[in-house]
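Below is one structure, written out as structure tokens; the observations come after it.
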Amino acid sequence: MQPLENPIKIAFFDIDETLYYKKEQRIPQSIAEQVLPQLRAKGIIPAIATGRTFGAFPDAIKPLMNETGFELFVTTNGQYNLYKGEVISEYILTTERIERVLAKLTALNIEYAFVTADEIAVSKNTSEVETSLRPIKADYIVDPNYYLDHKVIQLLAFFPAERHQEIIDANVLEDDLKEVRWHQYSVDLLNKHHSKARGIQDVLSYFGLDMKNAIAFGDGLNDLEMLSTVGYGVAMGNAEDEVKALADYVTDPIEQDGILKALQKLQVI
């Protein structure tokens with residue numbers, strides 16, 4: 001395979017089922033032993049681009065968050081982005097907009113959550129909330145009024161896909177929000193113009209780089225904009241079919257060292 005046409009300066013990696021094998025709660029050994037040091041040796045910045053809030057990163061990834069691993073983070077679907085602890089950009093929902101959503105979700109008897117830079121606070125504990133959230137952040141807060149004194153970046157709503165039409169009919173999204181499903185019982189609710197791609201653009205601008213200088217790896221529906229916008233988008237072998245369809249390249253699944261193999265085949269490392 002020929003090397004990529006444009007030089008790669010930053011490599012962005014989704015967390016769940018891309019970097020982090022959730023089933024076994026581990027990061028493939030090849031990431032720490034080969035991927036990160038070889039990227040660094042080439043002068044390429046390794047970065048995380050995730051739907052998770054910074055405070056909900058899995059424990060397995062924390063030992064890699066240092067000067068030899070990850071120091072650049074695009075989090076909460078590109079809405080809170082930082083480098084070496086310095087915030088590059090953040091996008092906050094207004095209290096008025098939040099309250100319009102909550103009124104409609106409450107009328108539908110749908111529970112919700114507030115996502116900040118470090119925390120997730122839910123309106124009420126239910127089986128749907130527990131099933132979806134506990135694997136992401138077990139120590140979430142229960143407080144339906146959390147938004148009143150915290151900066152909320154994103155909302156979550158807890159309902160199965162078959163209730164989607166109720167959300168549309170109730171005009172929960174109005175003309176400015178979108179819904180991105182990430183679990184059988186939960187969706188992200190965020191500004192329709194925001195995505196990992198938006199966060200990546202902020203990051204690249206910070207470094208004075210172009211999209212053509214970025215490669216990204218992902219597997220889920222919230223990776224669609226990212227993979228279609230960066231210079232080169234790679235879908236994991238375990239990715240959703242829709243993600244594979246738009247990627248520039250489909251690599252092996254996470255448990256088969258898909259990231260390492262793709263970077264080698266594309267001659268990035």
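Within each chain, counting starts at residue 1; across the structure tokens, chains are named A, B, ... in the order shown, with ligands numbered 1 upward in that order.
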
Within 8 Å of range 251-267 of chain A, counting only C-alpha atoms, which residues show up once you throw out same-chain ones fewer than 3 positions away? Write them as a JSON list (two decimals) with N, CA and C atoms, in the first residue's frame, please.
```json
[["chain", "number", "residue", "atom", "x", "y", "z"],
["A", 1, "MET", "N", 0.84, -1.20, 0.00],
["A", 1, "MET", "CA", 0.00, 0.00, 0.00],
["A", 1, "MET", "C", 0.88, 1.25, 0.00],
["A", 2, "GLN", "N", 0.48, 2.24, -0.81],
["A", 2, "GLN", "CA", 1.24, 3.48, -0.91],
["A", 2, "GLN", "C", 1.08, 4.33, 0.36],
["A", 3, "PRO", "N", 2.12, 5.08, 0.71],
["A", 3, "PRO", "CA", 1.98, 5.99, 1.86],
["A", 3, "PRO", "C", 0.94, 7.07, 1.55],
["A", 4, "LEU", "N", 0.42, 7.70, 2.57],
["A", 4, "LEU", "CA", -0.58, 8.73, 2.38],
["A", 4, "LEU", "C", -0.01, 9.93, 1.65],
["A", 17, "GLU", "N", -14.23, 0.82, 21.93],
["A", 17, "GLU", "CA", -14.15, -0.17, 20.86],
["A", 17, "GLU", "C", -13.19, 0.25, 19.74],
["A", 18, "THR", "N", -12.40, 1.27, 19.99],
["A", 18, "THR", "CA", -11.33, 1.67, 19.06],
["A", 18, "THR", "C", -10.00, 1.57, 19.79],
["A", 19, "LEU", "N", -9.84, 2.36, 20.84],
["A", 19, "LEU", "CA", -8.67, 2.24, 21.72],
["A", 19, "LEU", "C", -8.93, 1.30, 22.88],
["A", 20, "TYR", "N", -10.16, 1.31, 23.35],
["A", 20, "TYR", "CA", -10.53, 0.61, 24.59],
["A", 20, "TYR", "C", -11.48, -0.54, 24.28],
["A", 21, "TYR", "N", -11.03, -1.76, 24.58],
["A", 21, "TYR", "CA", -11.83, -2.96, 24.36],
["A", 21, "TYR", "C", -12.72, -3.14, 25.58],
["A", 28, "PRO", "N", -5.44, -2.52, 23.99],
["A", 28, "PRO", "CA", -4.51, -3.48, 23.38],
["A", 28, "PRO", "C", -3.06, -3.14, 23.72],
["A", 30, "SER", "N", -0.46, -3.40, 22.12],
["A", 30, "SER", "CA", 0.28, -2.78, 21.02],
["A", 30, "SER", "C", 0.20, -1.25, 21.05],
["A", 31, "ILE", "N", -0.82, -0.70, 21.70],
["A", 31, "ILE", "CA", -0.96, 0.76, 21.75],
["A", 31, "ILE", "C", 0.19, 1.38, 22.54],
["A", 34, "GLN", "N", 3.86, -0.07, 20.92],
["A", 34, "GLN", "CA", 4.28, 0.24, 19.54],
["A", 34, "GLN", "C", 3.66, 1.52, 18.99],
["A", 35, "VAL", "N", 2.35, 1.63, 19.08],
["A", 35, "VAL", "CA", 1.68, 2.76, 18.43],
["A", 35, "VAL", "C", 2.14, 4.11, 18.98],
["A", 217, "PHE", "N", -9.32, 7.41, 13.73],
["A", 217, "PHE", "CA", -9.81, 6.04, 13.85],
["A", 217, "PHE", "C", -11.10, 6.04, 14.67],
["A", 234, "VAL", "N", -10.15, 6.10, 9.18],
["A", 234, "VAL", "CA", -10.03, 4.64, 9.29],
["A", 234, "VAL", "C", -11.13, 4.09, 10.19],
["A", 235, "ALA", "N", -11.87, 3.13, 9.69],
["A", 235, "ALA", "CA", -12.90, 2.44, 10.49],
["A", 235, "ALA", "C", -12.33, 1.14, 11.02],
["A", 236, "MET", "N", -12.63, 0.86, 12.28],
["A", 236, "MET", "CA", -12.22, -0.41, 12.86],
["A", 236, "MET", "C", -13.02, -1.55, 12.22],
["A", 237, "GLY", "N", -12.45, -2.76, 12.25],
["A", 237, "GLY", "CA", -13.15, -3.91, 11.70],
["A", 237, "GLY", "C", -14.43, -4.23, 12.43],
["A", 238, "ASN", "N", -14.55, -3.75, 13.67],
["A", 238, "ASN", "CA", -15.75, -3.96, 14.48],
["A", 238, "ASN", "C", -16.71, -2.77, 14.40],
["A", 239, "ALA", "N", -16.47, -1.86, 13.46],
["A", 239, "ALA", "CA", -17.27, -0.64, 13.36],
["A", 239, "ALA", "C", -18.67, -0.91, 12.82]]
```

>> Please extract the residues of range 20-188 of chain A with a backbone DSSP assignment of strand (DSSP E or B) and present them as a ChimeraX atom specification.
In response: /A:20-21,26,45-49,72-75,80-83,86-90,111-115,120-122,141-142,154-158,177-183,186-188

Within 9 Å of range 114-128 of chain A: each range 176-263 of chain A residue with its shortest pair, only C-alpha atoms, as a Markdown table:
```
| residue | atom | partner | partner_atom | distance |
| --- | --- | --- | --- | --- |
| A:Gln184 | CA | A:Glu128 | CA | 8.8 |
| A:Tyr185 | CA | A:Glu128 | CA | 5.8 |
| A:Ser186 | CA | A:Glu128 | CA | 7.8 |
```

Requested write-out: N, CA, C and O atoms of the selected residues, as a PDB file, in the first residue's frame:
```pdb
ATOM      1  N   GLN A 184     -28.287   1.187  23.569  1.00  0.00           N
ATOM      2  CA  GLN A 184     -29.658   0.715  23.374  1.00  0.00           C
ATOM      3  C   GLN A 184     -30.673   1.610  24.071  1.00  0.00           C
ATOM      4  O   GLN A 184     -31.789   1.801  23.600  1.00  0.00           O
ATOM      5  N   TYR A 185     -30.268   2.165  25.221  1.00  0.00           N
ATOM      6  CA  TYR A 185     -31.196   2.973  26.015  1.00  0.00           C
ATOM      7  C   TYR A 185     -30.820   4.442  26.135  1.00  0.00           C
ATOM      8  O   TYR A 185     -31.402   5.157  26.938  1.00  0.00           O
ATOM      9  N   SER A 186     -29.841   4.903  25.377  1.00  0.00           N
ATOM     10  CA  SER A 186     -29.426   6.290  25.586  1.00  0.00           C
ATOM     11  C   SER A 186     -28.929   6.969  24.315  1.00  0.00           C
ATOM     12  O   SER A 186     -28.354   6.329  23.430  1.00  0.00           O
TER      13      SER A 186
END
```

Proximity check range 31-75 of chain A to range 156-178 of chain A, 12 Å, nearest pairs one decimal Å, only C-alpha atoms, as CSV:
```
residue,atom,partner,partner_atom,distance
A:Gly51,CA,A:Leu156,CA,11.4
A:Arg52,CA,A:Leu156,CA,11.5
A:Thr53,CA,A:Leu156,CA,11.9
```

Expected file: the selected residues, N, CA and C atoms, as an mmCIF file, in the first residue's frame:
```cif
data_model
loop_
_atom_site.group_PDB
_atom_site.id
_atom_site.type_symbol
_atom_site.label_atom_id
_atom_site.label_comp_id
_atom_site.auth_asym_id
_atom_site.auth_seq_id
_atom_site.Cartn_x
_atom_site.Cartn_y
_atom_site.Cartn_z
ATOM 1 N N GLY A 51 -16.615 10.634 22.597
ATOM 2 C CA GLY A 51 -17.898 11.161 23.039
ATOM 3 C C GLY A 51 -17.944 11.283 24.550
ATOM 4 N N ARG A 52 -17.003 10.649 25.224
ATOM 5 C CA ARG A 52 -16.957 10.689 26.693
ATOM 6 C C ARG A 52 -16.525 12.066 27.193
ATOM 7 N N THR A 53 -17.040 12.419 28.358
ATOM 8 C CA THR A 53 -16.525 13.589 29.043
ATOM 9 C C THR A 53 -15.176 13.233 29.667
#
```

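CA of Glu240 in chain A sits 6.0 Å away from CA of Asp219 in chain A.
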
>> Could you check the closest approach to Val101 in chain A for each of A:Gln154, A:Asn213, A:Asn222, A:Thr76 and tell me which residue wins, using only C-alpha atoms?
In response: A:Gln154

>> If DSSP is run on the backbone, what residues of range 43-134 of chain A are alpha helix (DSSP H)? A reply as a PyMOL selection string would be ideal.
In response: chain A and resi 95-107+127-133

> Hey, what's within 8 Å of Asn81 in chain A if we count only C-alpha atoms and toss same-chain stuff fewer than 4 positions away? As a list in words, please?
Replying inline: Leu72, Phe73, Val74, Thr75, Val87, Ile88, Ser89, Glu90, Gly199 and Val203 of chain A

Output all heavy atoms of each residue in that selection to a file, as a CSV table (one decimal), in the first residue's frame.
```csv
chain,number,residue,atom,x,y,z
A,72,LEU,N,-3.4,15.5,24.2
A,72,LEU,CA,-4.3,16.2,23.4
A,72,LEU,C,-5.7,15.5,23.4
A,72,LEU,O,-5.7,14.3,23.1
A,72,LEU,CB,-3.8,16.4,22.0
A,72,LEU,CG,-4.6,17.1,21.0
A,72,LEU,CD1,-4.9,18.6,21.5
A,72,LEU,CD2,-4.0,17.1,19.6
A,73,PHE,N,-6.7,16.2,23.8
A,73,PHE,CA,-8.0,15.5,24.0
A,73,PHE,C,-9.2,16.3,23.3
A,73,PHE,O,-9.4,17.5,23.6
A,73,PHE,CB,-8.4,15.4,25.4
A,73,PHE,CG,-7.3,14.6,26.2
A,73,PHE,CD1,-6.3,15.3,26.9
A,73,PHE,CD2,-7.3,13.2,26.2
A,73,PHE,CE1,-5.3,14.6,27.6
A,73,PHE,CE2,-6.3,12.6,26.9
A,73,PHE,CZ,-5.3,13.3,27.6
A,74,VAL,N,-9.9,15.7,22.5
A,74,VAL,CA,-11.2,16.2,21.9
A,74,VAL,C,-12.3,15.4,22.6
A,74,VAL,O,-12.4,14.1,22.4
A,74,VAL,CB,-11.3,16.0,20.4
A,74,VAL,CG1,-12.6,16.3,19.9
A,74,VAL,CG2,-10.2,16.9,19.7
A,75,THR,N,-13.0,16.0,23.5
A,75,THR,CA,-14.0,15.2,24.4
A,75,THR,C,-15.4,15.7,24.2
A,75,THR,O,-15.7,16.7,23.6
A,75,THR,CB,-13.6,15.3,25.9
A,75,THR,OG1,-14.0,16.6,26.4
A,75,THR,CG2,-12.1,15.1,26.1
A,87,VAL,N,-7.5,24.6,28.0
A,87,VAL,CA,-8.7,24.5,27.2
A,87,VAL,C,-8.5,25.2,25.9
A,87,VAL,O,-8.2,26.4,25.8
A,87,VAL,CB,-9.9,25.0,27.9
A,87,VAL,CG1,-11.2,25.0,27.0
A,87,VAL,CG2,-10.2,24.2,29.2
A,88,ILE,N,-8.7,24.5,24.8
A,88,ILE,CA,-8.6,25.1,23.4
A,88,ILE,C,-10.0,25.7,23.0
A,88,ILE,O,-10.0,26.8,22.5
A,88,ILE,CB,-8.2,24.0,22.4
A,88,ILE,CG1,-6.7,23.5,22.7
A,88,ILE,CG2,-8.3,24.5,21.0
A,88,ILE,CD1,-6.3,22.4,21.8
A,89,SER,N,-11.0,24.9,23.3
A,89,SER,CA,-12.4,25.4,23.0
A,89,SER,C,-13.4,24.6,23.8
A,89,SER,O,-13.1,23.5,24.2
A,89,SER,CB,-12.7,25.3,21.5
A,89,SER,OG,-12.7,23.9,21.1
A,90,GLU,N,-14.5,25.3,24.1
A,90,GLU,CA,-15.6,24.6,24.8
A,90,GLU,C,-16.9,25.3,24.4
A,90,GLU,O,-17.0,26.4,24.1
A,90,GLU,CB,-15.4,24.7,26.4
A,90,GLU,CG,-15.5,26.1,27.0
A,90,GLU,CD,-15.3,26.1,28.5
A,90,GLU,OE1,-15.7,25.1,29.1
A,90,GLU,OE2,-14.9,27.1,29.0
A,199,GLY,N,-14.6,19.7,16.9
A,199,GLY,CA,-13.5,19.8,17.9
A,199,GLY,C,-12.1,19.6,17.2
A,199,GLY,O,-11.2,20.3,17.6
A,203,VAL,N,-8.8,22.1,17.2
A,203,VAL,CA,-7.5,21.6,17.6
A,203,VAL,C,-6.5,21.9,16.5
A,203,VAL,O,-5.4,22.4,16.7
A,203,VAL,CB,-7.5,20.1,17.9
A,203,VAL,CG1,-6.1,19.6,18.0
A,203,VAL,CG2,-8.2,19.9,19.3
```

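When only C-alpha atoms are used to compute distances to Val230 in chain A, the closest of the residues A:Lys9, A:Arg100, A:Lys23, A:Lys84 turns out to be A:Lys9.
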
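Among the candidates A:Leu133, A:Ile141, A:Ile200, A:Leu148, the one nearest to Ala216 in chain A when counting only C-alpha atoms is A:Ile200.
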
>> Using only C-alpha atoms, which protein or nucleic acid residues come within 10 Å of Glu225 in chain A? Drop anything in the same chain fewer than 6 positions from it, and give the result as a count of residues only.
In response: 8

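Of the listed residues (A:Pro58, A:Thr106, A:Leu221, A:Glu179), A:Thr106 comes nearest to Pro144 in chain A; the distances count only C-alpha atoms.
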
> What is the CA of Ile92 in chain A-CA of Asn191 in chain A distance in Å, reported with one decimal?
Replying inline: 9.7 Å

> Any idea what's packed within 9 Å of range 205-212 of chain A, counting only C-alpha atoms, ignoring anything in its chain fewer than 3 positions away? Could you give it as a ChimeraX atom specification?
Replying inline: /A:5-9,88,200-202,215,229-232

> So which residues touch range 37-39 of chain A within 9 Å, counting only C-alpha atoms, skipping near sequence neighbours fewer than 2 positions away, as a list in words?
Replying inline: Ile10, Ala11, Ile31, Ala32, Glu33, Gln34, Val35, Ala41, Lys42, Gly43, Ile44, Ile45, Pro46, Thr68, Gly69, Val268 and Ile269 of chain A

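Put simply, CA of Phe12 in chain A is 16.5 Å away from CA of Lys62 in chain A.
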
> In terms of the shortest atom-to-atom distance over only C-alpha atoms, which of A:Tyr112, A:Asp241, A:Leu204, A:Arg26 is closest to Glu99 in chain A?
Replying inline: A:Tyr112

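Comparing the minimum interatomic distances between Leu82 in chain A and each of A:Thr131, A:Phe70, A:Arg97, A:Lys244, counting only C-alpha atoms, we find that A:Phe70 sits nearest.
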